[in-house]
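*Asks:* Got a structure here, written out as structure tokens. Questions coming.
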Amino acid sequence: MASEALDLPLDDTPASRFLAWFIGGLTYLAVLACAVAVLAQGTVERLADTPRIVTVALPPVDDAAAGEAEVRAVRALLEGLPGVAYTSLVSKEELDRLVEPWLGRAGEDRPGEMPLPRLVDVRLLPGPEPDLAALAEKVRTVAPQALLEDTSPSHGTLETLARRLRWMGGGAGLVVLVLTLVVVVVVTRMSLDLHDETVDLLRLLGAPDRYVARQFELHAMASALKGGSIGFTAALATLVALLYLPPLLGHPLFAVEPRPLDWILLAIVPVLAALMITVAARLTATIGLARLR
Amino acid sequence: MASEALDLPLDDTPASRFLAWFIGGLTYLAVLACAVAVLAQGTVERLADTPRIVTVALPPVDDAAAGEAEVRAVRALLEGLPGVAYTSLVSKEELDRLVEPWLGRAGEDRPGEMPLPRLVDVRLLPGPEPDLAALAEKVRTVAPQALLEDTSPSHGTLETLARRLRWMGGGAGLVVLVLTLVVVVVVTRMSLDLHDETVDLLRLLGAPDRYVARQFELHAMASALKGGSIGFTAALATLVALLYLPPLLGHPLFAVEPRPLDWILLAIVPVLAALMITVAARLTATIGLARLR
Amino acid sequence: MRYGSGEEVLRDIGLSINAGSFHYLMGPSGAGKTSLLRLLSLSQPASRGTVVLFGRDVARVDRDELGRLRRRIGVVFQDFRLLDHLTAFDNVALPLRIGGADPERISAYVSQMLCWIGLGDFIEARPPQLSMGQRQLLAVARAVVGRPDLLLADEPTSNVDPARAERLVHLFAELHKLGTAVVLATHSRELVRRWPFPVLHMERGRLIRALPAEPRAAVG
Amino acid sequence: MRYGSGEEVLRDIGLSINAGSFHYLMGPSGAGKTSLLRLLSLSQPASRGTVVLFGRDVARVDRDELGRLRRRIGVVFQDFRLLDHLTAFDNVALPLRIGGADPERISAYVSQMLCWIGLGDFIEARPPQLSMGQRQLLAVARAVVGRPDLLLADEPTSNVDPARAERLVHLFAELHKLGTAVVLATHSRELVRRWPFPVLHMERGRLIRALPAEPRAAVG
Ligand SMILES: Nc1ncnc2c1ncn2[C@@H]1O[C@H](COP(=O)(O)OP(=O)(O)OP(=O)(O)O)[C@@H](O)[C@H]1O
Ligand SMILES: Nc1ncnc2c1ncn2[C@@H]1O[C@H](COP(=O)(O)OP(=O)(O)OP(=O)(O)O)[C@@H](O)[C@H]1O
Ligand SMILES: [Mg+2]
Ligand SMILES: [Mg+2]
């Protein structure tokens with residue numbers, strides 16, 4: 001016969017009634033933001049795993065023998081360094097192909113004997129971002145005029161993008177969580193004001209503050225669970241649609257599948273939010289009640 | 001002794017209490033949007049008032065006499081057309097100056113006898129946008145290879161911008177007004193629900209619907225006048241700051257001073273808004289009341 | 001008559017109240033006194049049967065006419081239904097304002113009424129600042145200030161001291177002499193003893209001792 | 001004691017109520033009966049003087065102790081103060097829940113209480129669906145269900161019929177016999193005649209005929 005009704009008619013406040021919906025919307029955003037962060041993190045890790053090539057360019061020299069010696073010295077130096085997988089000299093034919101768009105076809109538009117730089121591709125081992133400046137410094141000890149070029153610019157951009165997205169996603173998730181807490185605090189304060197007569201009655205009946213605060217806590221928790229599950233479900237649906245629907249499959253940012261751990265991490269978001277909301281409501285109510293005698 | 005209190009405690013609803021602020025904010029936006037529209041209209045008119053120059057370019061010819069005859073024919077034709085103020089042949093010196101950045105100094109970098117096109121400036125009378133294609137067609141009847149150039153490209157961009165701004169400002173103002181009305185309708189409906197007991201009492205005391213509706217109307221009107229004057233004042237302040245503060249004085253869009261009529265037009269915005277808000281509140285209340293018996 | 005979709009709380013009511021009559025309405029708690037007064041005050045329509053007031057079937061009048069009829073009725077609600085945000089003055093002035101009386105007459109009338117009823121010191125007080133008895137006096141003042149043709153008072157003396165209760169019934173009797181029909185729900189046998197008027201007795205939604213019984217509720 | 005910054009509505013109250021005593025509190029409307037009960041129910045602190053309850057100066061107890069003291073007091077508010085969104089059952093169960101009683105005992109106790117007081121058919125009804133008298137019975141049920149050591153009842157019989165009023169006072173008398181101190185504000189001389197207990201008489205904020213007069217309010 002004992003009903004589930006709270007002692008305070010909290011569901012009757014417009015603000016309170018919409019609390020669940022607020023929380024739902026904000027949870028949706030938080031989960032999506034965190035999904036972006038998690039996927040970006042995946043991308044960053046995958047990029048770190050793919051080997052990376054930088055190119056050492058040695059300026060053209062007239063003396064072919066001296067040039068070859070220089071190349072050998074540079075390759076020997078590089079292959080002795082930690083983090084370098086192997087090196088390879090770019091062949092004459094490939095070099096011609098590379099400069100063709102700029103200088104014209106060899107032998108036709110341009111004198112065949114025009115001096116060209118010699119290029120050494122350096123394949124780095126996967127791992128953390130290599131210190132290219134230091135590498136260049138080392139190379140210059142044997143070939144003072146060597147230039148080091150990062151020949152995978154798109155790799156760099158993608159990685160920068162992924163890193164940024166990771167922080168932005170995480171940051172946005174955090175902002176949304178904070179916003180949710182602010183909304184909860186404001187709504188709880190408003191409810192406390194709105195129901196001051198009922199709160200007063202409960203206290204006259206001898207209810208300790210924790211009893212009254214528990215009413216707000218229970219309501220906030222119910223709203224958080226309801227809103228949180230709605231928001232989480234909606235976010236999951238959006239995510240799955242974004243990840244697995246054809247038009248988006250091709251984009252490299254979405255080439256990473258979330259790992260099982262990622263899904264668990266995302267599921268923690270609404271749970272954590274619900275927990276924080278509940279605690280926030282209780283604290284707000286307790287503080288508000290302490291002001292009254 | 002008769003107090004000014006309404007029979008309904010409308011100022012006690014959170015939604016109602018903030019109605020004035022809502023209206024204030026929206027009026028602010030509406031006035032600013034309309035100011036943009038009015039200023040843009042001023043710019044459009046000013047641009048229409050400034051005379052406009054187009055240039056007719058005749059390709060270089062080897063026969064100087066034939067060339068001069070062609071120029072004379074073109075000028076005679078143009079000066080006979082309505083909408084053309086006068087024409088003038090661009091002198092040899094000016095022409096040299098014009099081509100200098102492109103072809104080098106005459107006699108030094110470039111052979112002096114290099115053939116140049118002959119340019120005729122056509123000054124059009126102020127008025128509506130001229131039909132340049134038709135003009136070019138006419139010129140080509142006497143000089144088949146003539147080209148017509150609108151030599152005031154920035155003029156064109158500015159005018160397009162101003163025209164767009166005019167519509168966008170007006171549109172935004174309208175959207176904001178509509179939004180205000182929606183807010184008023186929603187708040188009135190909510191108040192009607194919230195105060196159903198008091199409304200019921202008034203009706204039991206024999207109050208006709210118009211008496212009860214008048215309560216909502218009065219409250220909406222008070223909110224509109226209060227919010228409207230706050231919003232209008234704030235918008236005026238912003239506008240004056242934008243128009244007369246140094247950093248912005250230079251921009252051509254802000255070179256137009258609002259005319260007295262413009263200020264009056266802007267002042268009409270909040271008054272019109274207040275009127276519409278009042279009517280909207282009354283209508284909403286009347287319709288809501290008609291649903292009850 | 002029924003509340004919402006519940007069972008009928010009033011049954012077999014045959015009642016005719018003549019203009020200028022005075023009736024007590026008595027009966028145990030929950031008998032349906034307030035419900036009957038709700039019917040008569042046009043707060044709620046009858047679910048069955050007809051209510052005839054001032055010679056008109058109230059189910060058939062239009063909105064404007066309904067308002068006019070209601071303005072001829074003064075009601076002291078059992079829970080007072082005062083407006084908490086208005087002063088005592090404004091609360092009492094309400095029926096006159098609704099009736100469209102001119103402000104000066106309202107001012108004079110209302111002040112006089114409040115003084116007479118014993119709230120002269122509380123003209124600017126709001127209901128929550130009044131004692132329960134004072135609120136009840138205010139509710140009575142609001143009901144009678146418009147000199148209604150029909151006065152429905154639901155236990156109007158329950159919260160006031162015997163001296164004031166006496167005074168209130170005296171007021172009702174005066175109105176009755178001036179031609180107002182009065183129906184006064186009460187639990188007080190003492191009142192009935194001291195001011196002997198006919199008693200309508202209710203029990204479980206039925207009128208069991210009405211004086212001139214007719215098969216419908218008719219007033220006026 | 002004063003409301004807000006108004007003038008003092010209670011003055012020179014010297015009153016001592018012994019454990020297990022029974023007093024009527026009488027006086028005209030606006031005399032200050034409710035205000036005095038507010039002091040005793042710890043609704044409002046005294047602006048001057050001290051209130052001693054169960055041997056403790058209530059101005060000096062901490063929050064937890066205040067709650068404990070309040071739980072030993074049962075109050076029938078003059079305006080009932082029932083929670084409209086809760087059923088009759090939940091309203092009566094409220095003090096027991098707050099006191100931390102276990103659900104089964106609450107259920108048994110509350111149902112029994114409601115049946116005894118005559119609301120057995122209205123266990124699931126909410127206050128707005130009850131007649132005024134029924135609401136008053138509910139308010140009484142809530143005040144006594146926790147077997148308080150001090151019962152403060154503000155005109156608890158004003159809206160019920162004489163038979164039920166009788167029954168209520170009988171209930172209070174039984175509690176009194178079990179050791180509860182009772183203060184019963186009322187306007188009914190009939191009650192006082194039938195259940196002769198000492199009467200505290202108030203007039204304009206002053207206690208004018210208290211039996212054992214001492215210079216402070218002390219209870220318990
Ligand atoms: N709003 C409502 N919804 C449902 N039932 C109601 C409502 N109001 C009253 N009732 C029921 O109708 C019956 C009659 O109530 P009513 O208020 O008319 O009694 P009453 O004679 O005025 O009693 P009292 O002397 O206690 O005021 C009661 O059983 C009550 O529970
Ligand atoms: N909240 C309040 N604010 C200001 N004044 C109040 C307030 N409540 C009561 N009063 C004033 O205090 C005085 C005593 O009121 P109180 O309610 O104690 O009277 P009472 O003896 O209970 O009367 P009743 O028999 O009518 O219930 C009255 O003059 C009243 O106007
Ligand atoms: Mg009743
Ligand atoms: Mg009182």
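Residues in the structure tokens are named by chain (A, B, ... in the order shown) and by number from 1 within that chain; ligands are numbered from 1 in the order shown.
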So that I can check the surroundings of D:Val76, please list as a ChimeraX atom specification every protein, DNA and RNA residue that reaches within 12 Å of it, counting only C-alpha atoms and ignoring chain neighbours fewer than 6 positions away.
*Replies:* /A:201,204-205 /D:34,37-38,41,82,92,135-145,148,150-158,168,172,182-186
*Asks:* As a quick test: using only C-alpha atoms and all ligand atoms, which residues lie no more than 6 Å away from ligand 2? Give them as a PDB file with all heavy atoms, in the first residue's frame.
*Replies:*
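Resulting contents of part.pdb:
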```pdb
ATOM      1  N   PRO C 128      -2.695  35.635   4.032  1.00  0.00           N
ATOM      2  CA  PRO C 128      -1.789  34.814   4.849  1.00  0.00           C
ATOM      3  C   PRO C 128      -1.380  35.492   6.155  1.00  0.00           C
ATOM      4  O   PRO C 128      -0.875  34.834   7.051  1.00  0.00           O
ATOM      5  CB  PRO C 128      -0.557  34.628   3.941  1.00  0.00           C
ATOM      6  CG  PRO C 128      -1.048  34.880   2.581  1.00  0.00           C
ATOM      7  CD  PRO C 128      -2.129  35.901   2.713  1.00  0.00           C
ATOM      8  N   GLN C 129      -1.600  36.805   6.242  1.00  0.00           N
ATOM      9  CA  GLN C 129      -1.234  37.498   7.473  1.00  0.00           C
ATOM     10  C   GLN C 129      -2.397  37.583   8.451  1.00  0.00           C
ATOM     11  O   GLN C 129      -2.305  38.231   9.494  1.00  0.00           O
ATOM     12  CB  GLN C 129      -0.756  38.924   7.152  1.00  0.00           C
ATOM     13  CG  GLN C 129       0.531  38.948   6.361  1.00  0.00           C
ATOM     14  CD  GLN C 129       0.723  40.242   5.638  1.00  0.00           C
ATOM     15  OE1 GLN C 129      -0.103  41.153   5.722  1.00  0.00           O
ATOM     16  NE2 GLN C 129       1.820  40.335   4.909  1.00  0.00           N
ATOM     17  N   LEU C 130      -3.501  36.966   8.096  1.00  0.00           N
ATOM     18  CA  LEU C 130      -4.680  37.029   8.962  1.00  0.00           C
ATOM     19  C   LEU C 130      -4.848  35.715   9.713  1.00  0.00           C
ATOM     20  O   LEU C 130      -4.407  34.662   9.254  1.00  0.00           O
ATOM     21  CB  LEU C 130      -5.934  37.283   8.127  1.00  0.00           C
ATOM     22  CG  LEU C 130      -5.995  38.626   7.407  1.00  0.00           C
ATOM     23  CD1 LEU C 130      -7.256  38.703   6.557  1.00  0.00           C
ATOM     24  CD2 LEU C 130      -5.956  39.773   8.408  1.00  0.00           C
ATOM     25  N   SER C 131      -5.509  35.778  10.866  1.00  0.00           N
ATOM     26  CA  SER C 131      -5.835  34.541  11.562  1.00  0.00           C
ATOM     27  C   SER C 131      -6.956  33.861  10.775  1.00  0.00           C
ATOM     28  O   SER C 131      -7.607  34.468   9.929  1.00  0.00           O
ATOM     29  CB  SER C 131      -6.272  34.830  12.996  1.00  0.00           C
ATOM     30  OG  SER C 131      -7.648  35.127  13.037  1.00  0.00           O
ATOM     31  N   MET C 132      -7.143  32.590  11.037  1.00  0.00           N
ATOM     32  CA  MET C 132      -8.128  31.830  10.263  1.00  0.00           C
ATOM     33  C   MET C 132      -9.516  32.457  10.376  1.00  0.00           C
ATOM     34  O   MET C 132     -10.252  32.549   9.395  1.00  0.00           O
ATOM     35  CB  MET C 132      -8.139  30.391  10.779  1.00  0.00           C
ATOM     36  CG  MET C 132      -8.637  29.391   9.809  1.00  0.00           C
ATOM     37  SD  MET C 132      -7.684  29.360   8.309  1.00  0.00           S
ATOM     38  CE  MET C 132      -6.350  28.337   8.846  1.00  0.00           C
ATOM     39  N   GLY C 133      -9.862  32.879  11.585  1.00  0.00           N
ATOM     40  CA  GLY C 133     -11.169  33.503  11.780  1.00  0.00           C
ATOM     41  C   GLY C 133     -11.291  34.780  10.966  1.00  0.00           C
ATOM     42  O   GLY C 133     -12.329  35.053  10.345  1.00  0.00           O
ATOM     43  N   GLN C 134     -10.212  35.558  10.944  1.00  0.00           N
ATOM     44  CA  GLN C 134     -10.230  36.802  10.172  1.00  0.00           C
ATOM     45  C   GLN C 134     -10.389  36.515   8.682  1.00  0.00           C
ATOM     46  O   GLN C 134     -11.091  37.236   7.973  1.00  0.00           O
ATOM     47  CB  GLN C 134      -8.938  37.590  10.444  1.00  0.00           C
ATOM     48  CG  GLN C 134      -8.897  38.151  11.873  1.00  0.00           C
ATOM     49  CD  GLN C 134      -7.499  38.562  12.313  1.00  0.00           C
ATOM     50  OE1 GLN C 134      -6.504  38.157  11.711  1.00  0.00           O
ATOM     51  NE2 GLN C 134      -7.429  39.344  13.377  1.00  0.00           N
ATOM     52  N   VAL C 160     -14.765  31.105  13.620  1.00  0.00           N
ATOM     53  CA  VAL C 160     -14.817  32.340  14.394  1.00  0.00           C
ATOM     54  C   VAL C 160     -15.400  32.074  15.775  1.00  0.00           C
ATOM     55  O   VAL C 160     -16.068  31.066  16.009  1.00  0.00           O
ATOM     56  CB  VAL C 160     -15.651  33.430  13.682  1.00  0.00           C
ATOM     57  CG1 VAL C 160     -14.972  33.836  12.393  1.00  0.00           C
ATOM     58  CG2 VAL C 160     -17.066  32.963  13.417  1.00  0.00           C
TER      59      VAL C 160
ATOM     60  N   TYR D   3       5.380  38.467  13.859  1.00  0.00           N
ATOM     61  CA  TYR D   3       5.490  37.979  12.483  1.00  0.00           C
ATOM     62  C   TYR D   3       6.296  38.979  11.689  1.00  0.00           C
ATOM     63  O   TYR D   3       5.946  40.145  11.642  1.00  0.00           O
ATOM     64  CB  TYR D   3       4.118  37.815  11.845  1.00  0.00           C
ATOM     65  CG  TYR D   3       3.327  36.667  12.401  1.00  0.00           C
ATOM     66  CD1 TYR D   3       2.346  36.866  13.362  1.00  0.00           C
ATOM     67  CD2 TYR D   3       3.579  35.374  11.982  1.00  0.00           C
ATOM     68  CE1 TYR D   3       1.613  35.806  13.876  1.00  0.00           C
ATOM     69  CE2 TYR D   3       2.872  34.312  12.493  1.00  0.00           C
ATOM     70  CZ  TYR D   3       1.886  34.529  13.434  1.00  0.00           C
ATOM     71  OH  TYR D   3       1.184  33.474  13.943  1.00  0.00           O
ATOM     72  N   VAL D   9       2.598  39.963  18.476  1.00  0.00           N
ATOM     73  CA  VAL D   9       1.222  39.506  18.590  1.00  0.00           C
ATOM     74  C   VAL D   9       1.003  38.733  19.889  1.00  0.00           C
ATOM     75  O   VAL D   9      -0.127  38.504  20.286  1.00  0.00           O
ATOM     76  CB  VAL D   9       0.801  38.646  17.390  1.00  0.00           C
ATOM     77  CG1 VAL D   9       0.806  39.471  16.121  1.00  0.00           C
ATOM     78  CG2 VAL D   9       1.686  37.431  17.227  1.00  0.00           C
ATOM     79  N   PRO D  28     -11.176  35.019  21.426  1.00  0.00           N
ATOM     80  CA  PRO D  28     -11.762  35.472  20.160  1.00  0.00           C
ATOM     81  C   PRO D  28     -10.794  35.322  18.983  1.00  0.00           C
ATOM     82  O   PRO D  28      -9.602  35.131  19.172  1.00  0.00           O
ATOM     83  CB  PRO D  28     -12.074  36.948  20.429  1.00  0.00           C
ATOM     84  CG  PRO D  28     -11.245  37.316  21.591  1.00  0.00           C
ATOM     85  CD  PRO D  28     -11.058  36.086  22.409  1.00  0.00           C
ATOM     86  N   SER D  29     -11.337  35.419  17.778  1.00  0.00           N
ATOM     87  CA  SER D  29     -10.517  35.341  16.566  1.00  0.00           C
ATOM     88  C   SER D  29      -9.446  36.412  16.591  1.00  0.00           C
ATOM     89  O   SER D  29      -9.722  37.572  16.900  1.00  0.00           O
ATOM     90  CB  SER D  29     -11.382  35.576  15.328  1.00  0.00           C
ATOM     91  OG  SER D  29     -12.106  34.424  15.013  1.00  0.00           O
ATOM     92  N   GLY D  30      -8.240  36.022  16.267  1.00  0.00           N
ATOM     93  CA  GLY D  30      -7.152  36.985  16.232  1.00  0.00           C
ATOM     94  C   GLY D  30      -6.528  37.220  17.592  1.00  0.00           C
ATOM     95  O   GLY D  30      -5.665  38.084  17.744  1.00  0.00           O
ATOM     96  N   ALA D  31      -6.927  36.446  18.601  1.00  0.00           N
ATOM     97  CA  ALA D  31      -6.391  36.648  19.940  1.00  0.00           C
ATOM     98  C   ALA D  31      -4.938  36.175  20.015  1.00  0.00           C
ATOM     99  O   ALA D  31      -4.159  36.667  20.831  1.00  0.00           O
ATOM    100  CB  ALA D  31      -7.248  35.904  20.962  1.00  0.00           C
ATOM    101  N   GLY D  32      -4.599  35.195  19.191  1.00  0.00           N
ATOM    102  CA  GLY D  32      -3.207  34.730  19.222  1.00  0.00           C
ATOM    103  C   GLY D  32      -3.084  33.264  19.584  1.00  0.00           C
ATOM    104  O   GLY D  32      -1.996  32.794  19.916  1.00  0.00           O
ATOM    105  N   LYS D  33      -4.181  32.528  19.502  1.00  0.00           N
ATOM    106  CA  LYS D  33      -4.132  31.099  19.842  1.00  0.00           C
ATOM    107  C   LYS D  33      -3.181  30.363  18.898  1.00  0.00           C
ATOM    108  O   LYS D  33      -2.281  29.647  19.339  1.00  0.00           O
ATOM    109  CB  LYS D  33      -5.540  30.489  19.738  1.00  0.00           C
ATOM    110  CG  LYS D  33      -6.565  31.139  20.640  1.00  0.00           C
ATOM    111  CD  LYS D  33      -7.918  30.505  20.524  1.00  0.00           C
ATOM    112  CE  LYS D  33      -8.564  30.702  19.151  1.00  0.00           C
ATOM    113  NZ  LYS D  33      -8.823  32.103  18.822  1.00  0.00           N
ATOM    114  N   THR D  34      -3.398  30.575  17.612  1.00  0.00           N
ATOM    115  CA  THR D  34      -2.534  29.896  16.649  1.00  0.00           C
ATOM    116  C   THR D  34      -1.086  30.321  16.830  1.00  0.00           C
ATOM    117  O   THR D  34      -0.163  29.514  16.749  1.00  0.00           O
ATOM    118  CB  THR D  34      -3.016  30.205  15.218  1.00  0.00           C
ATOM    119  OG1 THR D  34      -4.352  29.737  15.085  1.00  0.00           O
ATOM    120  CG2 THR D  34      -2.144  29.524  14.184  1.00  0.00           C
ATOM    121  N   SER D  35      -0.885  31.593  17.103  1.00  0.00           N
ATOM    122  CA  SER D  35       0.478  32.081  17.293  1.00  0.00           C
ATOM    123  C   SER D  35       1.131  31.393  18.479  1.00  0.00           C
ATOM    124  O   SER D  35       2.301  30.989  18.408  1.00  0.00           O
ATOM    125  CB  SER D  35       0.456  33.599  17.513  1.00  0.00           C
ATOM    126  OG  SER D  35      -0.208  34.224  16.436  1.00  0.00           O
TER     127      SER D  35
END
```
*Asks:* Using backbone DSSP assignments, extract all helix (DSSP H, G or I) residues from stretch 22-198 of chain D; output them as a VMD selection string.
*Replies:* chain D and resid 33 to 40 63 to 71 88 to 99 103 to 117 120 to 122 127 to 129 132 to 144 162 to 177 189 to 194
*Asks:* DSSP on the backbone, then: every residue of stretch 8-253 of chain A marked strand (DSSP E), written as a list of chain:residue names.
*Replies:*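 Filtering stretch 8-253 of chain A to strand (DSSP E) leaves A:Arg52, A:Ile53, A:Val54, A:Thr55, A:Val56, A:Ala57, A:Leu58, A:Val84, A:Ala85, A:Tyr86, A:Thr87, A:Ser88, A:Leu89, A:Arg118, A:Leu119, A:Val120, A:Asp121, A:Val122, A:Arg123, A:Leu124, A:Leu147, A:Leu148, A:Glu149, A:Asp150.
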*Asks:* Applying 10 Å and only C-alpha atoms, which residues near D:Gly120 remain after dropping the ones on its own chain fewer than 5 positions away? List them as an NGL selection string.
*Replies:* :D and (88-89 or 111-115)
*Asks:* What separation in Å, quoted to one decimal, exists between atom CA of D:Ala163 and atom CA of D:Gly20?
*Replies:*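 Computing the Euclidean distance for atom CA of D:Ala163 and atom CA of D:Gly20 yields 25.3 Å.
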*Asks:* Which chain A residues are at most 12 Å from chain D (counting only C-alpha atoms), as an MDAnalysis selection string?
*Replies:* chainID A and resid 1:12 195 197:212 214:215 289:293
*Asks:* Measuring atom to atom with only C-alpha atoms and all ligand atoms, identify which of D:Val192, D:Ala108, D:Leu39, D:Leu119 is nearest to ligand 1.
*Replies:*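 Once distances to ligand 1 are computed over only C-alpha atoms and all ligand atoms, the minimum belongs to D:Leu119.
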*Asks:* Looking at D:Ser47, D:Gln78, D:Thr180, D:Ser16, which one is nearest to chain C, with distances taken over only C-alpha atoms?
*Replies:*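 Selected residue with least distance to chain C: D:Gln78.
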*Asks:* Skip D:Glu190 itself and residues of its chain fewer than 6 positions away, then list as an NGL selection string all residues within 12 Å of it, counting only C-alpha atoms.
*Replies:* (:C and (162 or 188-190)) or (:D and (157 or 162 or 165-166 or 169 or 196))
*Asks:* Give me a file of those residues, with C-alpha atoms, as a PDB file, in the first residue's frame.
*Replies:*
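Okay, this is what ended up in selection38.pdb:
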```
ATOM      1  CA  PRO C 162     -19.274  32.572  19.159  1.00  0.00           C
ATOM      2  CA  SER C 188     -23.707  24.217  14.810  1.00  0.00           C
ATOM      3  CA  ARG C 189     -26.898  23.211  16.563  1.00  0.00           C
ATOM      4  CA  GLU C 190     -26.541  26.279  18.719  1.00  0.00           C
TER       5      GLU C 190
ATOM      6  CA  THR D 157     -13.358  20.029  15.397  1.00  0.00           C
ATOM      7  CA  PRO D 162     -20.959  17.175  16.392  1.00  0.00           C
ATOM      8  CA  ALA D 165     -16.241  16.152  17.121  1.00  0.00           C
ATOM      9  CA  GLU D 166     -17.285  14.157  20.140  1.00  0.00           C
ATOM     10  CA  VAL D 169     -12.238  14.797  21.779  1.00  0.00           C
ATOM     11  CA  PRO D 196     -14.390  19.764  31.535  1.00  0.00           C
TER      12      PRO D 196
END
```
*Asks:* Measuring atom to atom with only C-alpha atoms, identify which of B:Asp150, B:Glu137, B:Glu79, B:Asp193 is nearest to chain A.
*Replies:*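 Answer, going by the shortest atom-to-atom distance: B:Asp193.
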*Asks:* Nearest to chain D: which of C:Val58, C:Leu15, C:Leu191, C:Ala46 is it, counting only C-alpha atoms?
*Replies:*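 Answer, going by the shortest atom-to-atom distance: C:Leu191.
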*Asks:* Pick from D:Arg126, D:Asn159, D:Phe22, D:Ala101: nearest to ligand 3, with only C-alpha atoms and all ligand atoms counted?
*Replies:*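 Under the stated criterion, the closest residue is D:Asn159.
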*Asks:* For A:Thr141, list every protein, DNA or RNA residue within 10 Å, evaluated using only C-alpha atoms, and leave out those in the same chain fewer than 4 positions away; present the list as a list in words.
*Replies:*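 Listed by chain and then number, they are Val74, Leu77, Ala136, Glu137, Gln145 and Ala146 of chain A.
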*Asks:* Hey, can you spit out that residue selection with N, CA and C atoms as a PDB file, in the first residue's frame?
*Replies:*
```pdb
ATOM      1  N   VAL A  74      75.986   9.013 -45.171  1.00  0.00           N
ATOM      2  CA  VAL A  74      74.695   9.386 -44.579  1.00  0.00           C
ATOM      3  C   VAL A  74      73.867   8.146 -44.248  1.00  0.00           C
ATOM      4  N   LEU A  77      75.279   6.312 -41.269  1.00  0.00           N
ATOM      5  CA  LEU A  77      74.956   7.025 -40.039  1.00  0.00           C
ATOM      6  C   LEU A  77      73.517   6.742 -39.632  1.00  0.00           C
ATOM      7  N   ALA A 136      67.994  15.697 -38.314  1.00  0.00           N
ATOM      8  CA  ALA A 136      68.620  16.534 -39.330  1.00  0.00           C
ATOM      9  C   ALA A 136      70.004  16.990 -38.849  1.00  0.00           C
ATOM     10  N   GLU A 137      70.060  17.387 -37.589  1.00  0.00           N
ATOM     11  CA  GLU A 137      71.320  17.844 -36.983  1.00  0.00           C
ATOM     12  C   GLU A 137      72.398  16.767 -37.141  1.00  0.00           C
ATOM     13  N   GLN A 145      75.127  20.046 -45.979  1.00  0.00           N
ATOM     14  CA  GLN A 145      74.058  20.742 -46.714  1.00  0.00           C
ATOM     15  C   GLN A 145      72.796  19.906 -46.851  1.00  0.00           C
ATOM     16  N   ALA A 146      72.711  18.780 -46.098  1.00  0.00           N
ATOM     17  CA  ALA A 146      71.554  17.894 -46.218  1.00  0.00           C
ATOM     18  C   ALA A 146      70.289  18.582 -45.711  1.00  0.00           C
TER      19      ALA A 146
END
```
*Asks:* Which is closest to chain B among A:Val54, A:Leu283, A:Leu132, A:Met190, if we use only C-alpha atoms?
*Replies:*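 Between A:Val54, A:Leu283, A:Leu132, A:Met190, the residue approaching chain B most closely is A:Met190.
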*Asks:* Interatomic distance between atom 31 (O, counted along the ligand's line) of ligand 1 and atom CA of C:Thr50?
*Replies:*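 Atom-to-atom, atom 31 (O, counted along the ligand's line) of ligand 1 and atom CA of C:Thr50 are spaced 22.7 Å apart.
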*Asks:* Using only C-alpha atoms, which residues sit within 6 Å of stretch 235-243 of chain B once same-chain residues fewer than 3 positions away are excluded, as a PyMOL selection string?
*Replies:* chain B and resi 28+32+232
